[in-house]
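Student: Pasting run-v6.txt below, which is compact mmCIF, C-alpha atoms.
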```txt
# COMPACT_ATOMS: atom_id res chain seq x y z
CA MET A 133 93.22 104.62 100.09
CA THR A 134 95.95 105.80 97.71
CA GLU A 135 96.24 103.64 94.63
CA ARG A 136 99.83 102.43 94.53
CA ARG A 137 101.34 102.73 91.08
CA TYR A 138 105.04 103.23 90.48
CA ALA A 139 106.80 104.84 87.56
CA THR A 140 109.72 103.06 85.88
CA PRO A 141 112.27 104.30 83.29
CA PRO A 142 110.99 104.13 79.71
CA GLY A 143 114.22 102.71 78.26
CA GLY A 144 114.44 102.41 74.48
CA LEU A 145 115.21 105.49 72.41
CA PRO A 146 112.88 108.29 71.29
CA PRO A 147 112.09 108.47 67.57
CA GLN A 148 114.21 110.63 65.28
CA SER A 149 111.15 112.82 64.77
CA ASP A 150 111.12 113.99 68.43
CA LEU A 151 112.16 117.53 69.30
CA LEU A 152 115.36 117.97 71.29
CA THR A 153 113.68 120.32 73.76
CA GLY A 154 113.39 118.84 77.25
CA ARG A 155 113.28 119.67 80.96
CA ALA A 156 116.65 118.30 82.10
CA VAL A 157 118.74 120.80 84.08
CA PHE A 158 121.87 120.74 86.23
CA THR A 159 122.59 123.79 88.37
CA GLU A 160 124.88 124.69 91.27
CA ALA A 161 122.15 123.70 93.76
CA TYR A 162 120.01 121.01 92.13
CA ALA A 163 119.55 118.75 89.13
CA VAL A 164 116.39 117.47 87.45
CA LEU A 165 116.57 114.27 85.39
CA PRO A 166 113.23 113.82 83.63
CA GLY A 167 112.12 110.25 83.07
CA ALA A 168 112.65 110.73 79.32
CA THR A 169 116.42 110.95 79.92
CA MET A 170 116.52 107.39 81.30
CA ARG A 171 117.01 105.64 77.98
CA ASP A 172 118.98 102.63 76.76
CA ILE A 173 121.88 104.84 75.70
CA VAL A 174 122.73 105.75 79.32
CA VAL A 175 122.47 102.35 81.03
CA SER A 176 125.44 100.67 82.68
CA ALA A 177 126.33 97.14 83.72
CA LEU A 178 127.71 96.21 87.14
CA PRO A 179 130.30 93.57 88.06
CA HIS A 180 128.82 90.27 89.28
CA TRP A 181 125.29 91.14 88.11
CA ARG A 182 123.73 88.96 85.41
CA ASP A 183 121.17 90.20 82.87
CA THR A 184 120.90 93.51 84.71
CA ARG A 185 121.06 97.07 83.46
CA VAL A 186 121.42 100.13 85.63
CA TRP A 187 120.57 103.81 85.41
CA VAL A 188 122.90 105.74 87.73
CA ILE A 189 120.84 108.80 88.65
CA ALA A 190 122.95 110.14 91.53
CA ARG A 191 126.53 109.66 92.72
CA PRO A 192 128.84 111.43 95.17
CA MET A 193 130.34 114.59 93.66
CA THR A 194 132.54 117.07 95.51
CA GLY A 195 130.67 120.33 96.01
CA PHE A 196 127.33 118.75 95.24
CA ALA A 197 125.55 115.73 96.76
CA GLU A 198 128.33 113.88 98.56
CA THR A 199 126.77 111.20 100.76
CA PHE A 200 124.94 108.74 98.49
CA SER A 201 124.45 107.06 95.15
CA HIS A 202 121.09 106.13 93.64
CA TYR A 203 120.55 103.49 90.96
CA ILE A 204 117.49 102.22 89.14
CA CYS A 205 118.10 98.60 88.18
CA GLU A 206 116.20 96.40 85.73
CA ILE A 207 116.77 92.64 86.05
CA ALA A 208 115.66 90.31 83.27
CA PRO A 209 114.06 86.96 84.17
CA GLY A 210 116.78 84.67 85.48
CA GLY A 211 119.12 87.57 86.26
CA GLY A 212 120.48 88.90 89.52
CA SER A 213 123.57 88.67 91.68
CA ASP A 214 125.22 86.52 94.34
CA GLN A 215 127.78 89.32 94.94
CA PRO A 216 125.76 92.53 94.69
CA GLU A 217 127.84 94.86 96.88
CA SER A 218 131.63 95.21 96.71
CA ASN A 219 132.02 97.77 99.51
CA PRO A 220 131.72 96.30 103.05
CA GLN A 221 131.07 99.79 104.47
CA ALA A 222 128.03 100.39 102.25
CA GLU A 223 124.48 100.19 103.55
CA ALA A 224 121.59 99.93 101.13
CA ALA A 225 117.91 100.62 100.72
CA LEU A 226 116.02 98.73 98.02
CA PHE A 227 112.56 99.66 96.72
CA VAL A 228 110.77 97.56 94.11
CA THR A 229 108.58 99.26 91.48
CA ALA A 230 107.87 96.42 89.01
CA GLY A 231 108.04 92.63 88.88
CA ALA A 232 109.15 90.41 91.74
CA LEU A 233 112.53 89.70 93.32
CA ALA A 234 113.88 87.03 95.66
CA LEU A 235 116.04 88.59 98.38
CA THR A 236 118.24 86.37 100.57
CA ILE A 237 119.91 87.85 103.67
CA ASP A 238 122.70 86.07 105.56
CA GLY A 239 121.72 82.69 104.16
CA ALA A 240 118.12 82.77 105.42
CA GLU A 241 115.15 81.66 103.34
CA PRO A 242 114.51 83.97 100.35
CA GLU A 243 111.90 86.68 100.80
CA THR A 244 109.78 87.76 97.85
CA MET A 245 109.72 91.49 97.16
CA GLU A 246 106.92 92.78 94.94
CA PRO A 247 106.02 96.36 93.94
CA GLY A 248 106.09 98.53 97.05
CA GLY A 249 108.61 96.20 98.66
CA TYR A 250 111.33 97.85 100.75
CA ALA A 251 114.52 96.43 102.26
CA TYR A 252 117.21 97.98 104.42
CA LEU A 253 120.55 96.16 104.30
CA PRO A 254 123.19 97.18 106.87
CA PRO A 255 126.92 97.37 106.09
CA GLY A 256 128.62 94.01 105.86
CA CYS A 257 125.32 92.25 105.29
CA ASP A 258 125.56 89.12 103.09
CA TRP A 259 122.71 89.38 100.59
CA THR A 260 121.73 88.14 97.16
CA LEU A 261 119.00 89.26 94.77
CA HIS A 262 117.45 87.35 91.88
CA ASN A 263 114.56 87.65 89.46
CA GLU A 264 112.90 84.25 89.45
CA GLY A 265 109.72 85.48 87.77
CA PRO A 266 108.61 85.63 84.12
CA ALA A 267 108.85 89.42 83.68
CA PRO A 268 111.57 92.06 84.15
CA ALA A 269 111.85 93.43 87.69
CA VAL A 270 112.75 97.04 88.48
CA PHE A 271 114.05 98.37 91.78
CA HIS A 272 115.74 101.42 93.29
CA TRP A 273 119.07 100.86 95.03
CA ILE A 274 120.26 103.66 97.30
CA ARG A 275 123.80 103.20 98.65
CA LYS A 276 125.53 105.14 101.41
CA ARG A 277 128.75 104.67 103.37
CA TYR A 278 127.53 103.92 106.88
CA ILE A 279 128.77 106.25 109.64
CA PRO A 280 129.06 104.35 112.94
CA ALA A 281 128.22 106.09 116.22
CA GLU A 282 130.18 105.18 119.32
CA GLY A 283 128.21 102.91 121.64
CA ILE A 284 125.33 102.46 119.17
CA ALA A 285 124.96 99.19 117.29
CA ALA A 286 124.44 99.11 113.54
CA PRO A 287 120.82 98.52 112.42
CA GLU A 288 119.36 95.12 111.67
CA PRO A 289 118.06 94.23 108.19
CA ILE A 290 114.47 95.21 107.38
CA VAL A 291 112.19 93.69 104.74
CA THR A 292 108.65 95.05 104.43
CA ASN A 293 106.21 96.59 101.97
CA GLU A 294 104.76 100.08 101.77
CA ALA A 295 101.29 98.56 101.96
CA ALA A 296 102.03 97.32 105.50
CA ILE A 297 102.81 100.79 106.87
CA ASP A 298 100.32 103.54 107.70
CA PRO A 299 101.53 106.94 106.48
CA THR A 300 102.19 109.53 109.18
CA PRO A 301 100.28 112.78 108.54
CA MET A 302 102.38 115.90 108.83
CA PRO A 303 101.20 118.22 111.63
CA ASP A 304 98.35 120.64 110.83
CA THR A 305 97.78 119.24 107.32
CA GLU A 306 94.66 117.08 107.94
CA GLY A 307 96.44 114.24 106.14
CA ARG A 308 96.94 116.13 102.90
CA TRP A 309 100.71 115.73 103.33
CA ALA A 310 101.90 112.42 104.80
CA THR A 311 105.10 110.40 105.04
CA THR A 312 105.50 106.62 104.93
CA ARG A 313 108.42 105.87 107.27
CA PHE A 314 110.23 102.55 107.09
CA VAL A 315 112.20 103.30 110.29
CA SER A 316 111.53 105.51 113.29
CA PRO A 317 113.05 109.01 113.06
CA ASP A 318 114.25 108.52 116.66
CA ASP A 319 116.25 105.37 115.88
CA LEU A 320 119.82 106.66 116.07
CA ARG A 321 121.22 103.47 114.63
CA HIS A 322 120.16 104.80 111.23
CA ASP A 323 122.16 107.53 109.49
CA MET A 324 119.85 107.80 106.48
CA HIS A 325 116.11 107.86 105.97
CA VAL A 326 114.36 106.59 102.86
CA THR A 327 110.67 107.43 102.94
CA ILE A 328 107.70 107.92 100.64
CA VAL A 329 106.08 111.34 100.68
CA THR A 330 102.45 111.65 99.53
CA LEU A 331 100.70 114.95 98.84
CA GLN A 332 97.03 114.91 97.90
CA PRO A 333 95.92 117.06 94.95
CA GLY A 334 96.25 120.71 95.91
CA ALA A 335 98.42 120.00 98.96
CA VAL A 336 101.51 122.07 99.54
CA ILE A 337 104.80 122.12 101.40
CA PRO A 338 104.12 125.65 102.63
CA PHE A 339 107.60 127.01 103.24
CA LEU A 340 111.06 126.87 101.67
CA GLU A 341 112.75 124.00 103.48
CA THR A 342 116.44 124.91 103.74
CA HIS A 343 118.54 122.36 105.58
CA VAL A 344 121.79 120.43 105.75
CA MET A 345 120.37 117.13 104.47
CA GLU A 346 121.03 116.14 100.88
CA HIS A 347 118.08 114.81 98.92
CA GLY A 348 117.28 112.43 96.13
CA LEU A 349 113.59 112.49 95.10
CA TYR A 350 112.16 110.08 92.53
CA VAL A 351 108.57 110.82 91.53
CA LEU A 352 106.64 107.55 91.77
CA HIS A 353 103.19 108.87 90.84
CA GLY A 354 101.36 112.03 89.79
CA LYS A 355 102.78 115.45 89.10
CA GLY A 356 103.64 118.64 90.91
CA VAL A 357 105.44 121.96 90.78
CA TYR A 358 108.64 122.12 92.82
CA ARG A 359 110.49 125.20 93.99
CA LEU A 360 114.21 124.43 93.75
CA ASN A 361 116.53 127.23 94.84
CA ARG A 362 115.35 130.20 92.72
CA ASP A 363 113.28 128.24 90.18
CA TRP A 364 109.84 126.68 89.88
CA VAL A 365 110.07 123.33 88.04
CA GLU A 366 107.27 121.05 86.84
CA VAL A 367 107.86 117.36 87.56
CA GLU A 368 105.89 114.19 86.95
CA ALA A 369 106.03 110.44 87.51
CA GLY A 370 109.41 109.07 86.45
CA ASP A 371 111.37 112.29 87.08
CA TYR A 372 114.26 112.57 89.53
CA MET A 373 115.44 115.55 91.57
CA TRP A 374 118.90 115.72 93.12
CA LEU A 375 119.36 118.45 95.76
CA ARG A 376 122.57 119.50 97.46
CA ALA A 377 122.65 120.58 101.10
CA PHE A 378 120.84 123.86 101.88
CA CYS A 379 119.02 124.02 98.52
CA PRO A 380 115.70 125.81 99.30
CA GLN A 381 112.74 123.61 98.38
CA ALA A 382 108.95 123.55 98.49
CA CYS A 383 106.16 122.24 96.27
CA TYR A 384 102.53 122.17 95.20
CA ALA A 385 100.80 118.92 94.22
CA GLY A 386 99.12 119.31 90.84
CA GLY A 387 96.76 117.21 88.78
CA PRO A 388 93.88 114.95 89.78
CA GLU A 389 95.95 112.23 91.50
CA PRO A 390 98.25 112.13 94.53
CA PHE A 391 101.81 113.34 94.04
CA ARG A 392 104.17 110.74 95.52
CA TYR A 393 107.94 110.45 95.64
CA LEU A 394 110.66 108.25 97.09
CA LEU A 395 112.92 110.44 99.25
CA TYR A 396 116.49 109.98 100.51
CA LYS A 397 118.16 112.14 103.15
CA ASP A 398 121.17 111.81 105.46
CA VAL A 399 120.36 112.20 109.18
CA ASN A 400 121.38 111.59 112.81
CA ARG A 401 125.13 112.19 112.64
CA HIS A 402 127.56 115.02 113.42
CA ALA A 403 128.54 117.16 110.46
CA SER A 404 131.94 116.14 109.17
CA LEU A 405 134.71 118.66 109.90
CA ASP A 406 136.85 117.34 107.04
CA LEU A 407 136.95 119.33 103.81
```
What does this structure look like when you write it as structure tokens?
Tutor:
Amino acid sequence: MTERRYATPPGGLPPQSDLLTGRAVFTEAYAVLPGATMRDIVVSALPHWRDTRVWVIARPMTGFAETFSHYICEIAPGGGSDQPESNPQAEAALFVTAGALALTIDGAEPETMEPGGYAYLPPGCDWTLHNEGPAPAVFHWIRKRYIPAEGIAAPEPIVTNEAAIDPTPMPDTEGRWATTRFVSPDDLRHDMHVTIVTLQPGAVIPFLETHVMEHGLYVLHGKGVYRLNRDWVEVEAGDYMWLRAFCPQACYAGGPEPFRYLLYKDVNRHASLDL
């Protein structure tokens, strides 16, 4: 069984003695934000959130990734929000990597989310999130404007944990490459998929995927070498990759441990004809 450990931003600031050289890059087709860039100097605060700081690691940008935003949020003990989302058209996926959070949906009893915890929150959902524990809690918050489909109802909320889901092996890989799916790929109510991809040491995505879906990939564990457009890039736990539509991509898993990442992509809707 894969040991489940999850990277979190280091925060703080590097010492003055550190070299400036790093791996961060922003190109016409992709961006790489190494974990070392997620420091105190680049955190933000959000309206109606108490004792919470946020790293914004992706946001809609014309000509780049246009469908989603991706935050990493750290909530201090006692912090949280009774008004987390200001946009009634926004759906959300939450994924907890440290600490514990109390999630309340539509006034129901709070549900505890611990590391590996996942929630899908449909547009217009009334939810709150609080850290009632003794330690800081860290979670990913992926936001997307939901695209309705005529005659198809919006999804229901989902609260689960990665540990409760068996990964689906990719065909012809003998389990070396597997995907943990929180919703069925055939469920047309959903217009985005957030999954966890796991590649065992030495496993490979053996072709240059080139497709219309935008991607955000946060490396939860291990390290690998990713082909992004024309470049090979080394990445490790805590790094983030942001890929625009049609950016060619493939990878090798390196090191002695599984290479695992949280993956966003937009799916199941017509391509917009608006420019």
Student: List as CSV every residue of segment 280-354 of chain A that is in contact with segment 145-164 of chain A, defined as an atom at most 12 Å from one of its atoms (using all atoms listed in the file), together with the nearest atom pair and the distance in Å rounded to one decimal, sorted by chain and then rising number.
Tutor:
```
residue,atom,partner,partner_atom,distance
A:Thr342,CA,A:Ala161,CA,11.6
A:Glu346,CA,A:Tyr162,CA,10.1
A:His347,CA,A:Tyr162,CA,9.4
A:Gly348,CA,A:Ala163,CA,9.7
A:Leu349,CA,A:Val164,CA,9.5
A:Tyr350,CA,A:Val164,CA,9.9
A:Val351,CA,A:Val164,CA,11.0
```
Student: Please report, as lines of an AutoDock Vina configuration file, the centre and edge lengths in Å to one decimal of an axis-aligned box covering all listed atoms of segment 238-244 of chain A with 3 Å per side.
Tutor:
```
center_x = 116.2
center_y = 84.7
center_z = 101.7
size_x = 18.9
size_y = 12.1
size_z = 13.7
```
Student: Counting only C-alpha atoms, which residues come within 7 Å of (122.2, 117.9, 106.6), with the point read in the file's coordinates, and could you list them as a list in words?
Tutor: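 With a cut-off of 7 Å, the residues come to His343, Val344, Met345, Glu346, Ala377, Asp398 and Val399 of chain A.
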Student: Between atom CA of Glu368 of chain A and atom CA of Phe271 of chain A, what is the distance in Å, rounded to a tenth?
Tutor: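 Atom CA of Phe271 of chain A lies 18.4 Å from atom CA of Glu368 of chain A.
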Student: Rounded to one decimal, what separation in Å do you get between atom CA of His322 of chain A and atom CA of Glu223 of chain A?
Tutor: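 Computed distance, atom CA of His322 of chain A to atom CA of Glu223 of chain A, equals 9.9 Å.
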Student: Between A:Arg191, A:Arg185, A:Arg171, A:Arg401, which is the closest to Arg321 of chain A once you count all atoms listed in the file?
Tutor: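 Of A:Arg191, A:Arg185, A:Arg171, A:Arg401, the one nearest Arg321 of chain A is A:Arg401, counting all atoms listed in the file.
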Student: Please provide the set of residues having any atom within 12 Å of segment 324-326 of chain A, restricted to only C-alpha atoms, with same-chain residues fewer than 4 positions apart removed, written as a PDB file with C-alpha atoms, in the frame of the given file.
Tutor:
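Just written: part_28.pdb:
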```pdb
ATOM      1  CA  THR A 199     126.770 111.200 100.760  1.00  0.00           C
ATOM      2  CA  PHE A 200     124.940 108.740  98.490  1.00  0.00           C
ATOM      3  CA  HIS A 202     121.090 106.130  93.640  1.00  0.00           C
ATOM      4  CA  ALA A 222     128.030 100.390 102.250  1.00  0.00           C
ATOM      5  CA  GLU A 223     124.480 100.190 103.550  1.00  0.00           C
ATOM      6  CA  ALA A 224     121.590  99.930 101.130  1.00  0.00           C
ATOM      7  CA  ALA A 225     117.910 100.620 100.720  1.00  0.00           C
ATOM      8  CA  LEU A 226     116.020  98.730  98.020  1.00  0.00           C
ATOM      9  CA  PHE A 227     112.560  99.660  96.720  1.00  0.00           C
ATOM     10  CA  TYR A 250     111.330  97.850 100.750  1.00  0.00           C
ATOM     11  CA  ALA A 251     114.520  96.430 102.260  1.00  0.00           C
ATOM     12  CA  TYR A 252     117.210  97.980 104.420  1.00  0.00           C
ATOM     13  CA  LEU A 253     120.550  96.160 104.300  1.00  0.00           C
ATOM     14  CA  PRO A 254     123.190  97.180 106.870  1.00  0.00           C
ATOM     15  CA  HIS A 272     115.740 101.420  93.290  1.00  0.00           C
ATOM     16  CA  TRP A 273     119.070 100.860  95.030  1.00  0.00           C
ATOM     17  CA  ILE A 274     120.260 103.660  97.300  1.00  0.00           C
ATOM     18  CA  ARG A 275     123.800 103.200  98.650  1.00  0.00           C
ATOM     19  CA  LYS A 276     125.530 105.140 101.410  1.00  0.00           C
ATOM     20  CA  ARG A 277     128.750 104.670 103.370  1.00  0.00           C
ATOM     21  CA  TYR A 278     127.530 103.920 106.880  1.00  0.00           C
ATOM     22  CA  ILE A 279     128.770 106.250 109.640  1.00  0.00           C
ATOM     23  CA  PRO A 280     129.060 104.350 112.940  1.00  0.00           C
ATOM     24  CA  PRO A 287     120.820  98.520 112.420  1.00  0.00           C
ATOM     25  CA  GLU A 294     104.760 100.080 101.770  1.00  0.00           C
ATOM     26  CA  THR A 311     105.100 110.400 105.040  1.00  0.00           C
ATOM     27  CA  THR A 312     105.500 106.620 104.930  1.00  0.00           C
ATOM     28  CA  ARG A 313     108.420 105.870 107.270  1.00  0.00           C
ATOM     29  CA  PHE A 314     110.230 102.550 107.090  1.00  0.00           C
ATOM     30  CA  VAL A 315     112.200 103.300 110.290  1.00  0.00           C
ATOM     31  CA  SER A 316     111.530 105.510 113.290  1.00  0.00           C
ATOM     32  CA  PRO A 317     113.050 109.010 113.060  1.00  0.00           C
ATOM     33  CA  ASP A 318     114.250 108.520 116.660  1.00  0.00           C
ATOM     34  CA  ASP A 319     116.250 105.370 115.880  1.00  0.00           C
ATOM     35  CA  LEU A 320     119.820 106.660 116.070  1.00  0.00           C
ATOM     36  CA  MET A 345     120.370 117.130 104.470  1.00  0.00           C
ATOM     37  CA  GLU A 346     121.030 116.140 100.880  1.00  0.00           C
ATOM     38  CA  HIS A 347     118.080 114.810  98.920  1.00  0.00           C
ATOM     39  CA  GLY A 348     117.280 112.430  96.130  1.00  0.00           C
ATOM     40  CA  LEU A 349     113.590 112.490  95.100  1.00  0.00           C
ATOM     41  CA  TYR A 350     112.160 110.080  92.530  1.00  0.00           C
ATOM     42  CA  TYR A 393     107.940 110.450  95.640  1.00  0.00           C
ATOM     43  CA  LEU A 394     110.660 108.250  97.090  1.00  0.00           C
ATOM     44  CA  LEU A 395     112.920 110.440  99.250  1.00  0.00           C
ATOM     45  CA  TYR A 396     116.490 109.980 100.510  1.00  0.00           C
ATOM     46  CA  LYS A 397     118.160 112.140 103.150  1.00  0.00           C
ATOM     47  CA  ASP A 398     121.170 111.810 105.460  1.00  0.00           C
ATOM     48  CA  VAL A 399     120.360 112.200 109.180  1.00  0.00           C
ATOM     49  CA  ASN A 400     121.380 111.590 112.810  1.00  0.00           C
ATOM     50  CA  ARG A 401     125.130 112.190 112.640  1.00  0.00           C
TER      51      ARG A 401
END
```
Student: With only C-alpha atoms as the atoms that count, which of A:Ile207, A:Met302, A:Ala295, A:Val357 lies nearest to Gly387 of chain A?
Tutor: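 Going through A:Ile207, A:Met302, A:Ala295, A:Val357 one by one, the smallest distance to Gly387 of chain A is for A:Val357.
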Student: When you look at Val228 of chain A with a cut-off of 10 Å (counting all atoms listed in the file), what residues show up, excluding the ones that are within fewer than 4 positions of it in the same chain? I need them as a ChimeraX atom specification.
Tutor: /A:138,140,204-205,232-233,245-251,269-273,293
Student: Using only C-alpha atoms for the distances, tell me which of A:Leu165, A:Arg376, A:Ala382, A:Ala190 is nearest to Arg359 of chain A.
Tutor: A:Ala382
Student: Between A:Trp181, A:Trp259, A:Tyr384, A:Trp374, which has the minimum distance to Phe196 of chain A (counting all atoms listed in the file)?
Tutor: A:Trp374
